[in-house]
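Text of the file query.txt, holding compact mmCIF, C-alpha atoms:
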# COMPACT_ATOMS: atom_id res chain seq x y z
CA MET A 146 42.62 -115.56 -172.80
CA SER A 147 40.84 -116.25 -169.53
CA VAL A 148 37.55 -114.65 -168.47
CA ASN A 149 39.65 -111.96 -166.77
CA ALA A 150 41.56 -111.19 -169.97
CA ARG A 151 44.71 -112.86 -168.64
CA VAL A 152 47.00 -114.75 -170.99
CA VAL A 153 46.86 -118.43 -170.01
CA GLU A 154 48.89 -119.87 -172.88
CA TYR A 155 50.78 -118.77 -175.95
CA ARG A 156 52.38 -120.31 -179.02
CA VAL A 157 55.82 -119.67 -180.49
CA HIS A 158 56.74 -120.29 -184.11
CA ASP A 159 58.92 -123.39 -184.43
CA LEU A 160 61.72 -121.39 -186.08
CA MET A 161 61.71 -118.91 -183.19
CA ARG A 162 61.86 -121.78 -180.70
CA GLU A 163 64.83 -123.38 -182.46
CA LEU A 164 66.61 -120.03 -182.59
CA ALA A 165 66.11 -119.47 -178.86
CA ILE A 166 67.45 -122.94 -178.01
CA ARG A 167 70.48 -122.51 -180.27
CA LYS A 168 71.34 -119.10 -178.81
CA ALA A 169 70.95 -120.45 -175.28
CA LYS A 170 73.41 -123.24 -176.01
CA GLU A 171 75.88 -120.89 -177.71
CA GLN A 172 75.91 -118.61 -174.69
CA ASN A 173 75.93 -121.56 -172.25
CA PHE A 174 72.74 -120.12 -170.75
CA PHE A 175 71.70 -123.33 -169.02
CA ARG A 176 72.74 -126.88 -168.34
CA THR A 177 70.94 -129.75 -166.60
CA HIS A 178 72.40 -132.62 -164.60
CA ASP A 179 71.01 -135.92 -163.38
CA ILE A 180 71.89 -136.73 -159.79
CA GLU A 181 73.73 -139.84 -160.87
CA ASP A 182 75.89 -137.90 -163.31
CA PRO A 183 79.15 -136.48 -161.99
CA LEU A 184 79.25 -132.71 -161.77
CA SER A 185 82.06 -131.53 -163.94
CA SER A 186 84.05 -128.55 -162.79
CA SER A 187 84.79 -127.88 -166.45
CA THR A 188 81.27 -126.54 -166.84
CA SER A 189 81.35 -122.79 -167.31
CA ASN A 190 80.83 -120.92 -164.07
CA SER A 191 78.44 -118.58 -165.89
CA SER A 192 76.02 -121.36 -166.73
CA LEU A 193 72.75 -121.85 -164.93
CA PHE A 194 72.46 -125.06 -162.96
CA SER A 195 69.19 -126.93 -162.77
CA SER A 196 68.84 -130.41 -161.34
CA LYS A 197 66.71 -132.74 -163.42
CA CYS A 198 66.06 -135.10 -160.56
CA ARG A 199 62.43 -134.32 -159.93
CA ARG A 200 61.69 -137.50 -161.91
CA GLN A 201 64.05 -139.48 -159.67
CA ARG A 202 62.58 -138.82 -156.25
CA HIS A 203 64.24 -141.89 -154.77
CA GLU A 204 67.67 -140.33 -155.22
CA ILE A 205 69.37 -138.38 -152.45
CA CYS A 206 71.42 -135.28 -153.02
CA ARG A 207 74.32 -135.66 -150.59
CA PHE A 208 75.78 -132.86 -148.52
CA SER A 209 79.10 -133.29 -150.34
CA GLN A 210 77.47 -132.76 -153.72
CA LEU A 211 75.86 -129.51 -152.64
CA ASP A 212 79.14 -128.47 -151.05
CA PHE A 213 80.81 -129.10 -154.39
CA ILE A 214 78.29 -126.86 -156.14
CA GLY A 215 79.08 -124.04 -153.73
CA LYS A 216 82.80 -124.38 -154.37
CA CYS A 217 82.82 -124.78 -158.15
CA PHE A 218 79.91 -122.68 -159.38
CA LYS A 219 80.66 -119.29 -157.87
CA VAL A 220 78.58 -117.29 -160.35
CA LEU A 221 75.63 -119.68 -160.35
CA ARG A 222 72.32 -117.92 -160.91
CA VAL A 223 69.74 -120.71 -160.78
CA LEU A 224 69.73 -123.75 -158.49
CA ASP A 225 66.60 -125.87 -158.77
CA LEU A 226 66.46 -129.01 -156.61
CA GLU A 227 62.69 -129.49 -156.60
CA GLY A 228 61.72 -133.10 -155.91
CA VAL A 229 65.23 -134.20 -154.91
CA LYS A 230 65.67 -135.51 -151.38
CA VAL A 231 68.11 -133.15 -149.67
CA GLU A 232 69.54 -134.16 -146.29
CA SER A 233 70.70 -130.64 -145.39
CA LEU A 234 71.78 -127.46 -147.10
CA PRO A 235 75.42 -126.51 -146.42
CA SER A 236 76.20 -123.00 -145.26
CA ILE A 237 78.48 -122.58 -148.28
CA VAL A 238 75.34 -121.93 -150.34
CA GLY A 239 75.49 -118.46 -148.81
CA THR A 240 78.61 -117.74 -150.90
CA LEU A 241 76.63 -117.98 -154.15
CA ILE A 242 76.13 -114.23 -154.17
CA HIS A 243 74.95 -114.18 -157.81
CA LEU A 244 72.15 -116.69 -157.18
CA ARG A 245 68.76 -115.38 -158.30
CA TYR A 246 66.58 -118.49 -158.05
CA LEU A 247 66.68 -121.18 -155.35
CA GLY A 248 64.11 -123.98 -155.69
CA LEU A 249 63.86 -126.36 -152.71
CA ARG A 250 60.22 -127.46 -152.90
CA HIS A 251 59.46 -131.12 -152.02
CA THR A 252 63.04 -131.84 -150.98
CA GLY A 253 62.30 -132.91 -147.40
CA LEU A 254 64.50 -130.12 -146.15
CA LYS A 255 63.53 -128.94 -142.64
CA LEU A 256 65.99 -126.13 -141.94
CA LEU A 257 67.79 -123.45 -143.93
CA PRO A 258 71.24 -122.21 -142.95
CA LEU A 259 71.50 -118.65 -141.61
CA SER A 260 73.96 -117.94 -144.40
CA ILE A 261 71.05 -117.78 -146.81
CA GLY A 262 70.70 -114.17 -145.71
CA ASN A 263 73.89 -113.44 -147.66
CA LEU A 264 72.21 -114.12 -151.00
CA ARG A 265 71.66 -110.45 -151.73
CA SER A 266 70.89 -111.07 -155.44
CA LEU A 267 68.24 -113.72 -154.74
CA GLN A 268 64.90 -112.89 -156.33
CA THR A 269 63.01 -116.17 -155.88
CA LEU A 270 63.04 -118.59 -152.94
CA ASP A 271 60.68 -121.56 -153.29
CA VAL A 272 60.61 -123.95 -150.32
CA ASN A 273 57.93 -125.75 -148.31
CA ASN A 274 57.34 -127.73 -145.12
CA LEU A 275 60.22 -126.25 -143.14
CA LYS A 276 60.22 -126.45 -139.36
CA GLN A 277 60.87 -122.73 -139.35
CA VAL A 278 62.10 -120.03 -141.70
CA PRO A 279 65.27 -118.32 -140.40
CA ASN A 280 64.70 -114.70 -139.51
CA VAL A 281 67.32 -113.48 -141.98
CA ILE A 282 65.06 -113.18 -145.04
CA TRP A 283 64.75 -109.44 -144.40
CA LYS A 284 68.35 -109.02 -145.55
CA ILE A 285 67.58 -110.20 -149.11
CA GLN A 286 66.22 -106.91 -150.38
CA ASN A 287 66.08 -107.97 -154.03
CA MET A 288 63.56 -110.70 -153.19
CA ARG A 289 60.53 -110.67 -155.48
CA TYR A 290 58.92 -114.10 -155.06
CA LEU A 291 58.91 -115.81 -151.65
CA TYR A 292 57.16 -119.19 -151.25
CA MET A 293 57.37 -120.90 -147.83
CA GLU A 294 54.12 -122.83 -147.24
CA GLY A 295 53.76 -125.35 -144.43
CA GLN A 296 55.88 -123.88 -141.63
CA LYS A 297 55.71 -126.06 -138.53
CA TYR A 298 56.62 -123.41 -135.96
CA ASP A 299 55.06 -119.97 -135.96
CA ILE A 300 58.09 -117.88 -134.94
CA PRO A 301 58.59 -114.15 -135.72
CA LEU A 302 59.69 -113.42 -139.26
CA LYS A 303 60.62 -109.95 -140.46
CA ILE A 304 59.77 -109.30 -144.12
CA ASP A 305 58.72 -105.62 -144.26
CA THR A 306 62.16 -104.59 -145.58
CA LEU A 307 61.48 -106.42 -148.86
CA GLU A 308 60.19 -103.44 -150.82
CA ASN A 309 60.53 -105.28 -154.16
CA LEU A 310 58.44 -108.26 -153.03
CA GLN A 311 55.65 -109.09 -155.50
CA VAL A 312 54.48 -112.54 -154.32
CA LEU A 313 54.46 -113.73 -150.70
CA SER A 314 53.06 -117.20 -150.04
CA GLY A 315 52.98 -119.15 -146.79
CA ILE A 316 53.50 -116.50 -144.14
CA THR A 317 51.35 -117.08 -141.05
CA PHE A 318 48.70 -114.66 -139.83
CA LYS A 319 50.71 -114.00 -136.67
CA GLN A 320 53.94 -113.35 -138.60
CA TRP A 321 52.13 -111.03 -140.97
CA ILE A 322 50.56 -108.79 -138.32
CA GLN A 323 53.99 -108.24 -136.73
CA ASN A 324 55.20 -106.48 -139.89
CA ASN A 325 54.44 -103.05 -141.31
CA SER A 326 52.53 -103.90 -144.49
CA SER A 327 52.60 -100.32 -145.80
CA LYS A 328 56.27 -100.85 -146.71
CA LEU A 329 55.43 -103.69 -149.11
CA THR A 330 54.57 -101.33 -151.93
CA CYS A 331 54.96 -103.89 -154.75
CA LEU A 332 53.09 -106.83 -153.20
CA GLY A 333 50.44 -108.06 -155.64
CA LYS A 334 49.79 -111.62 -154.45
CA LEU A 335 49.56 -112.78 -150.83
CA LYS A 336 48.81 -116.17 -149.23
CA LEU A 337 48.42 -116.41 -145.46
CA GLU A 338 47.89 -119.55 -143.41
CA GLY A 339 47.67 -120.78 -139.84
CA ARG A 340 45.44 -119.75 -136.94
CA TYR A 341 43.40 -116.67 -137.79
CA GLU A 342 42.16 -116.17 -134.22
CA LEU A 343 45.69 -115.25 -133.13
CA VAL A 344 45.27 -111.85 -134.79
CA GLU A 345 42.80 -109.03 -134.17
CA GLY A 346 40.40 -108.91 -137.10
CA VAL A 347 40.12 -105.14 -137.53
CA GLU A 348 43.88 -104.62 -137.39
CA PHE A 349 44.45 -107.48 -139.81
CA TRP A 350 42.16 -106.04 -142.49
CA LYS A 351 43.66 -102.60 -142.01
CA SER A 352 47.06 -104.12 -142.79
CA ILE A 353 45.66 -105.70 -145.97
CA ALA A 354 44.01 -102.43 -147.04
CA LYS A 355 47.42 -100.72 -146.99
CA LEU A 356 48.57 -102.90 -149.92
CA ARG A 357 47.75 -100.60 -152.81
CA VAL A 358 48.66 -103.04 -155.60
CA LEU A 359 47.36 -106.26 -154.01
CA LYS A 360 45.21 -108.14 -156.52
CA SER A 361 45.13 -111.69 -155.15
CA LEU A 362 44.59 -112.85 -151.55
CA TYR A 363 44.52 -116.46 -150.30
CA LEU A 364 43.47 -117.16 -146.70
CA LYS A 365 43.97 -120.70 -145.38
CA ALA A 366 42.93 -121.49 -141.81
CA SER A 367 44.39 -124.47 -139.98
CA GLU A 368 42.08 -127.37 -139.15
CA GLU A 369 41.65 -126.30 -135.53
CA SER A 370 40.96 -122.71 -136.54
CA SER A 371 38.04 -120.86 -138.15
CA PHE A 372 37.15 -117.53 -139.75
CA PRO A 373 34.55 -115.19 -138.28
CA SER A 374 32.50 -112.99 -140.60
CA LEU A 375 35.17 -111.11 -142.57
CA ALA A 376 34.90 -107.36 -143.23
CA MET A 377 36.86 -106.94 -146.46
CA ASP A 378 35.21 -103.88 -147.97
CA SER A 379 38.29 -101.72 -147.29
CA CYS A 380 40.34 -103.79 -149.77
CA LEU A 381 39.54 -101.60 -152.75
CA TYR A 382 42.06 -103.08 -155.18
CA LEU A 383 41.52 -106.77 -154.46
CA SER A 384 40.11 -108.72 -157.43
CA LYS A 385 40.82 -112.37 -156.51
CA LEU A 386 39.97 -113.97 -153.17
CA ASP A 387 40.44 -117.58 -152.03
CA ILE A 388 39.23 -118.70 -148.60
CA LYS A 389 39.96 -122.22 -147.33
CA GLY A 390 38.82 -123.25 -143.89
CA HIS A 391 35.80 -123.25 -141.63
CA MET A 392 33.76 -120.04 -141.67
CA GLN A 393 31.44 -119.28 -138.80
CA LYS A 394 29.30 -117.13 -141.08
CA LEU A 395 29.55 -115.86 -144.64
CA SER A 396 30.14 -112.12 -144.86
CA GLU A 397 27.34 -109.94 -146.22
CA SER A 398 27.69 -108.84 -149.84
CA PHE A 399 28.61 -105.26 -148.88
CA GLN A 400 31.50 -106.58 -146.77
CA PHE A 401 33.27 -108.12 -149.77
CA PRO A 402 35.90 -106.18 -151.75
CA PRO A 403 34.00 -103.91 -154.15
CA ASN A 404 36.09 -104.92 -157.20
CA LEU A 405 36.11 -108.66 -156.57
CA SER A 406 36.04 -110.66 -159.82
CA GLN A 407 37.15 -114.16 -158.70
CA LEU A 408 36.02 -115.95 -155.55
CA THR A 409 36.86 -119.48 -154.36
CA LEU A 410 35.42 -121.01 -151.19
CA ASP A 411 36.89 -124.32 -150.01
CA SER A 412 36.08 -126.39 -146.92
CA CYS A 413 34.12 -123.49 -145.39
CA ARG A 414 31.33 -125.79 -144.11
CA LEU A 415 28.63 -123.13 -144.43
CA ASP A 416 25.17 -124.10 -143.16
CA CYS A 417 23.20 -121.47 -145.10
CA ASP A 418 22.90 -121.21 -148.89
CA PRO A 419 25.67 -118.80 -149.99
CA MET A 420 23.98 -117.86 -153.27
CA PRO A 421 21.63 -115.11 -151.95
CA ILE A 422 24.71 -113.22 -150.74
CA LEU A 423 27.18 -114.02 -153.52
CA GLU A 424 24.74 -113.27 -156.34
CA LYS A 425 24.78 -109.60 -155.28
CA LEU A 426 28.50 -109.14 -156.01
CA PRO A 427 28.31 -106.83 -159.04
CA LYS A 428 31.70 -107.55 -160.65
CA LEU A 429 32.09 -111.26 -159.93
CA LEU A 430 33.21 -113.19 -163.02
CA THR A 431 34.28 -116.56 -161.57
CA LEU A 432 32.80 -118.46 -158.63
CA ARG A 433 34.22 -121.77 -157.38
CA LEU A 434 32.56 -123.65 -154.52
CA ARG A 435 34.67 -126.66 -153.53
CA ALA A 436 35.09 -129.45 -150.99
CA GLU A 437 32.25 -128.99 -148.53
CA SER A 438 32.19 -125.24 -148.76
CA TYR A 439 28.41 -125.62 -148.29
CA LEU A 440 26.75 -128.40 -146.28
CA GLY A 441 23.13 -127.84 -147.34
CA THR A 442 21.16 -129.76 -149.96
CA GLU A 443 19.80 -126.98 -152.18
CA MET A 444 20.97 -123.70 -153.68
CA HIS A 445 18.91 -121.00 -155.32
CA VAL A 446 19.90 -118.17 -157.68
CA SER A 447 17.23 -115.50 -157.97
CA ALA A 448 16.32 -113.47 -161.03
CA ASN A 449 18.98 -110.89 -161.93
CA GLY A 450 21.49 -112.66 -159.68
CA PHE A 451 25.16 -112.74 -160.74
CA PRO A 452 24.87 -110.04 -163.43
CA GLN A 453 28.47 -110.55 -164.70
CA LEU A 454 29.31 -114.16 -163.78
CA LYS A 455 30.93 -116.19 -166.58
CA VAL A 456 32.28 -119.28 -164.78
CA LEU A 457 30.44 -121.35 -162.14
CA GLN A 458 32.15 -124.41 -160.66
CA LEU A 459 30.48 -126.63 -158.05
CA PHE A 460 32.81 -129.47 -157.05
CA GLU A 461 32.76 -131.96 -154.16
CA LEU A 462 29.57 -130.53 -152.68
CA SER A 463 28.48 -134.00 -151.66
CA LYS A 464 25.20 -132.96 -150.04
CA VAL A 465 23.95 -130.56 -152.71
CA ILE A 466 21.31 -132.28 -154.81
CA LYS A 467 19.63 -129.30 -156.48
CA LEU A 468 20.50 -125.90 -157.93
CA ASN A 469 17.59 -123.77 -159.04
CA ILE A 470 18.37 -120.92 -161.48
CA GLU A 471 15.51 -118.46 -161.98
CA ASN A 472 14.76 -116.89 -165.34
CA GLY A 473 17.03 -113.88 -165.91
CA ALA A 474 19.76 -115.07 -163.55
CA ILE A 475 23.42 -115.47 -164.59
CA PRO A 476 22.80 -114.03 -168.08
CA TRP A 477 26.48 -114.17 -169.16
CA LEU A 478 27.38 -117.63 -167.86
CA MET A 479 29.71 -119.40 -170.30
CA GLN A 480 31.16 -122.32 -168.29
CA LEU A 481 29.22 -124.58 -165.94
CA HIS A 482 31.04 -127.34 -164.02
CA CYS A 483 29.15 -129.53 -161.57
CA GLN A 484 28.84 -132.98 -159.99
CA PHE A 485 26.62 -135.61 -161.57
CA SER A 486 24.46 -135.72 -158.42
CA THR A 487 23.43 -132.05 -158.61
CA ARG A 488 20.19 -131.49 -160.50
CA ILE A 489 20.11 -128.08 -162.15
CA SER A 490 16.87 -126.43 -163.18
CA GLY A 491 16.83 -123.35 -165.42
CA VAL A 492 19.95 -124.25 -167.38
CA ASP A 493 17.99 -124.02 -170.63
CA LYS A 494 17.66 -120.27 -170.11
CA LEU A 495 21.44 -119.72 -170.12
CA SER A 496 21.76 -118.51 -173.70
CA ASN A 497 25.50 -117.72 -173.54
CA LEU A 498 26.54 -121.13 -172.24
CA VAL A 499 29.57 -122.48 -174.10
CA GLU A 500 30.86 -125.34 -171.98
CA VAL A 501 29.41 -127.87 -169.54
CA LYS A 502 31.47 -130.36 -167.53
CA ILE A 503 29.80 -133.02 -165.41
CA VAL A 504 32.07 -134.88 -162.97
CA ILE A 505 31.02 -138.45 -162.31
CA ASP A 506 32.26 -140.12 -159.15
CA SER A 507 34.68 -142.99 -159.76
CA MET A 508 32.41 -145.28 -157.72
CA ILE A 509 29.57 -144.92 -160.22
CA PRO A 510 29.63 -148.05 -162.43
CA SER A 511 29.83 -147.54 -166.18
CA PHE A 512 26.53 -149.41 -166.62
CA SER A 513 24.59 -147.01 -164.35
CA PRO A 514 21.59 -145.21 -165.97
CA PHE A 515 23.34 -141.83 -165.96
CA ALA A 516 26.60 -143.09 -167.47
CA ARG A 517 24.70 -145.13 -170.05
CA PHE A 518 22.49 -142.15 -170.91
CA LEU A 519 25.41 -139.76 -171.52
CA SER A 520 27.48 -142.26 -173.46
CA THR A 521 24.59 -142.91 -175.87
CA TYR A 522 23.49 -139.28 -176.19
CA ARG A 523 24.54 -138.67 -179.79
CA SER A 524 21.78 -136.86 -181.58
CA ARG A 525 22.99 -135.72 -185.01
CA LYS A 526 20.99 -132.53 -184.71
CA TYR A 527 22.81 -131.47 -181.54
CA HIS A 528 26.15 -132.84 -182.65
CA LEU A 529 26.24 -130.20 -185.39
CA TYR A 530 26.65 -127.56 -182.70
CA TRP A 531 28.28 -129.31 -179.74
CA ASP A 532 31.34 -131.54 -179.26
CA HIS A 533 31.25 -134.26 -176.61
CA SER A 534 34.06 -136.12 -174.88
CA TRP A 535 34.83 -138.33 -171.89
CA THR A 536 37.92 -137.73 -169.77
CA THR A 537 39.33 -138.93 -166.44
CA ASN A 538 40.63 -136.37 -163.96
CA ARG A 539 43.57 -136.76 -161.57
CA ASN A 540 41.28 -138.13 -158.84
CA GLY A 541 40.14 -140.99 -161.06
CA GLN A 542 36.72 -139.44 -161.63
CA LYS A 543 35.01 -139.60 -165.00
CA GLU A 544 34.16 -136.27 -166.62
CA PHE A 545 31.65 -135.70 -169.40
CA TRP A 546 32.44 -132.57 -171.43
CA THR A 547 30.23 -130.84 -173.93
CA ARG A 548 31.45 -127.70 -175.70
CA ARG A 549 29.63 -125.45 -178.11
CA ARG A 550 31.40 -125.10 -181.42
CA LYS A 551 32.66 -121.72 -182.54
CA GLY A 552 30.87 -119.56 -185.08
CA LEU A 553 27.30 -119.74 -183.80
CA THR A 554 25.23 -116.60 -183.70
CA SER A 555 23.53 -115.61 -180.48
CA VAL A 556 20.19 -116.82 -181.86
CA GLN A 557 21.65 -120.22 -182.76
CA ASN A 558 23.39 -120.41 -179.42
CA SER A 559 20.17 -119.72 -177.55
CA ALA A 560 18.34 -122.36 -179.53
CA VAL A 561 21.07 -124.95 -178.99
CA ALA A 562 21.24 -124.21 -175.28
CA VAL A 563 17.52 -124.88 -174.97
CA GLU A 564 17.47 -127.92 -177.23
CA MET A 565 20.68 -129.65 -176.19
CA ILE A 566 21.80 -128.72 -172.69
CA GLY A 567 18.30 -128.64 -171.22
CA PRO A 568 17.43 -132.19 -172.34
CA ILE A 569 20.63 -133.55 -170.80
CA PHE A 570 19.42 -132.61 -167.33
CA SER A 571 15.72 -133.21 -167.92
CA ARG A 572 16.32 -136.65 -169.46
CA TRP A 573 18.64 -137.54 -166.61
CA ASP A 574 15.82 -136.68 -164.21
CA SER A 575 13.52 -139.00 -166.15
CA THR A 576 16.04 -141.85 -166.07
CA GLN A 577 16.27 -141.46 -162.31
CA GLU A 578 12.49 -141.53 -161.94
CA LYS A 579 12.24 -144.70 -164.05
CA GLY A 580 14.98 -146.37 -162.07
CA SER A 581 13.47 -145.52 -158.70

Please express what this file holds, its structure, as structure tokens.
Amino acid sequence: MSVNARVVEYRVHDLMRELAIRKAKEQNFFRTHDIEDPLSSSTSNSSLFSSKCRRQRHEICRFSQLDFIGKCFKVLRVLDLEGVKVESLPSIVGTLIHLRYLGLRHTGLKLLPLSIGNLRSLQTLDVNNLKQVPNVIWKIQNMRYLYMEGQKYDIPLKIDTLENLQVLSGITFKQWIQNNSSKLTCLGKLKLEGRYELVEGVEFWKSIAKLRVLKSLYLKASEESSFPSLAMDSCLYLSKLDIKGHMQKLSESFQFPPNLSQLTLDSCRLDCDPMPILEKLPKLLTLRLRAESYLGTEMHVSANGFPQLKVLQLFELSKVIKLNIENGAIPWLMQLHCQFSTRISGVDKLSNLVEVKIVIDSMIPSFSPFARFLSTYRSRKYHLYWDHSWTTNRNGQKEFWTRRRKGLTSVQNSAVAVEMIGPIFSRWDSTQEKGS
């Protein structure tokens, strides 16, 4: 379970898994094809088709092959071409009236045929980097999940007829404001992108407030655009907010959604320390500050700040060298992720801390004082309570993990936090002083 009580993974008994696979094969529930394999018309028309070519990105799915699919798989329900280079999508795809899932992400496709509006059973359309989305999507009234990030041209797009829509990702701010959001009664997750200044701020937030079941909102401004101070307090049901793009000024704490539990700021380029404002959000559980969201050198969390926060992640804040946590602040913090260059004072007072991850830049040599210190930090006394490991993330950066073992009482946990986590940062400070 996550900090928000969401299921993030589950396990199935091996006998149940084998039973599910056997039943799926008996009922011809699915079949996969490599692009180089011939498509056999003997395959049952009731089977689901899924291309397994995402591992073979150099292959090209020819127009004739897709045309063949449209002719021979009339009751096809799933067509997944993710990662396959597609030259163009034939209009015959519009005859697949039983299709429920169409995956076209990372195919290089730039245009969709107008016949796609005939797919009245379609529930999921996943495509990206189109020149434009044809204004026929409004006809697909069974649509539940619509992903269309990276549109090149910001042309009108009607979507307010999609009353069953639950996830909408990639619509532009301008396209959004041209629709009546009150009709989207099932929309729970929304991602908008493009130029925010093309819409009137008050009207925009009124349109968001009309979404009574909206839980997650992602706002991504284009590089030439920026966000003003955002008044989001009318979004009563919003619990997750992601903002990516330059912000002229961070909103005051009372302007944030009152039930906000997750907040991510990315590339906001804020000049003032965001902590004095964010620490006043009463229900915030997870805070992620990423990729130059703050351009200052120090951050400060005052006493009683972040009363409910459980996860704090500070990544790619290249200029931040110090985070000061006063006594009594962040009392429920369990996970702390930060860069190696950020000195943190007050971490020894975080008695509920369970996990610490320190990201070390790939340019830092393995023989540096900090890397040498962490790799040799193996006190038996602390190792009874904490597990340590080194990993490498997808960006090639080294990560030092330390996790508290299960079964410790709160008294033991408090003692270990003081004795183990505190010395990591204080001894690192001393190694820096000796090396300077």

Select from segment 212-314 of chain A every residue with an atom at most 10 Å from any atom of segment 334-339 of chain A, then for each give the shortest pair of atoms and their distance in Å to one decimal, using only C-alpha atoms, rows by chain and rising number, as CSV.
residue,atom,partner,partner_atom,distance
A:Tyr290,CA,A:Lys334,CA,9.5
A:Leu291,CA,A:Leu335,CA,9.9
A:Tyr292,CA,A:Lys336,CA,9.1
A:Met293,CA,A:Lys336,CA,9.9
A:Glu294,CA,A:Glu338,CA,8.0
A:Gly295,CA,A:Glu338,CA,8.3
A:Gln296,CA,A:Gly339,CA,9.0
A:Lys297,CA,A:Gly339,CA,9.7
A:Asp299,CA,A:Gly339,CA,8.4
A:Leu310,CA,A:Lys334,CA,9.4
A:Gln311,CA,A:Lys334,CA,6.5
A:Val312,CA,A:Lys334,CA,4.8
A:Leu313,CA,A:Leu335,CA,5.0
A:Ser314,CA,A:Lys336,CA,4.4

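Each of A:Gly215, A:Pro421, A:Gly253, A:Gly248 was compared to Val231 of chain A using only C-alpha atoms, and A:Gly253 turns out to be the nearest.
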
Hey, what's within 10 Å of Ala474 of chain A if we count all atoms listed in the file and toss same-chain stuff fewer than 5 positions away? As a list in words, please?
-> Glu424, Val446, Ser447, Ala448, Asn449, Gly450, Phe451, Pro452, Gln453, Leu454, Gly491, Val492, Lys494 and Leu495 of chain A

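Atom CA of Ala165 of chain A is found 23.6 Å from atom CA of Leu247 of chain A.
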
Contact residues around Lys455 of chain A with only C-alpha atoms at 7 Å, ignoring same-chain residues under 2 positions, as a list in words = Leu430, Thr431, Gln453, Leu457, Trp477, Leu478, Met479 and Gln480 of chain A

Using only C-alpha atoms, determine which residues lie at most 7 Å from segment 361-373 of chain A, disregarding the query and same-chain residues fewer than 5 positions distant; provide the list as number ranges by chain.
-> A: 333-341, 383-394

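Distance annotation: of A:Asn324, A:Gln400, A:Ser438, A:Ser266, the residue with the minimal separation from Leu415 of chain A is A:Ser438; atom set is all atoms listed in the file.
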
In Å and to one decimal, atom CA of Glu171 of chain A is distant from atom CA of Thr269 of chain A by 25.8 Å

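Close contacts of Gln268 of chain A, defined as residues with an atom at most 7 Å away when counting all atoms listed in the file, with chain neighbours fewer than 6 positions off set aside, comprise Arg245, Tyr246, Asn287, Met288, Arg289 and Tyr290 of chain A.
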
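With all atoms listed in the file as the atoms that count, the residue of A:Ile242, A:Ile316, A:Leu423, A:Ile475 with the shortest distance to Val456 of chain A is A:Ile475.
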
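In this model, the gap between atom CA of Leu468 of chain A and atom CA of Ser374 of chain A comes to 24.7 Å.
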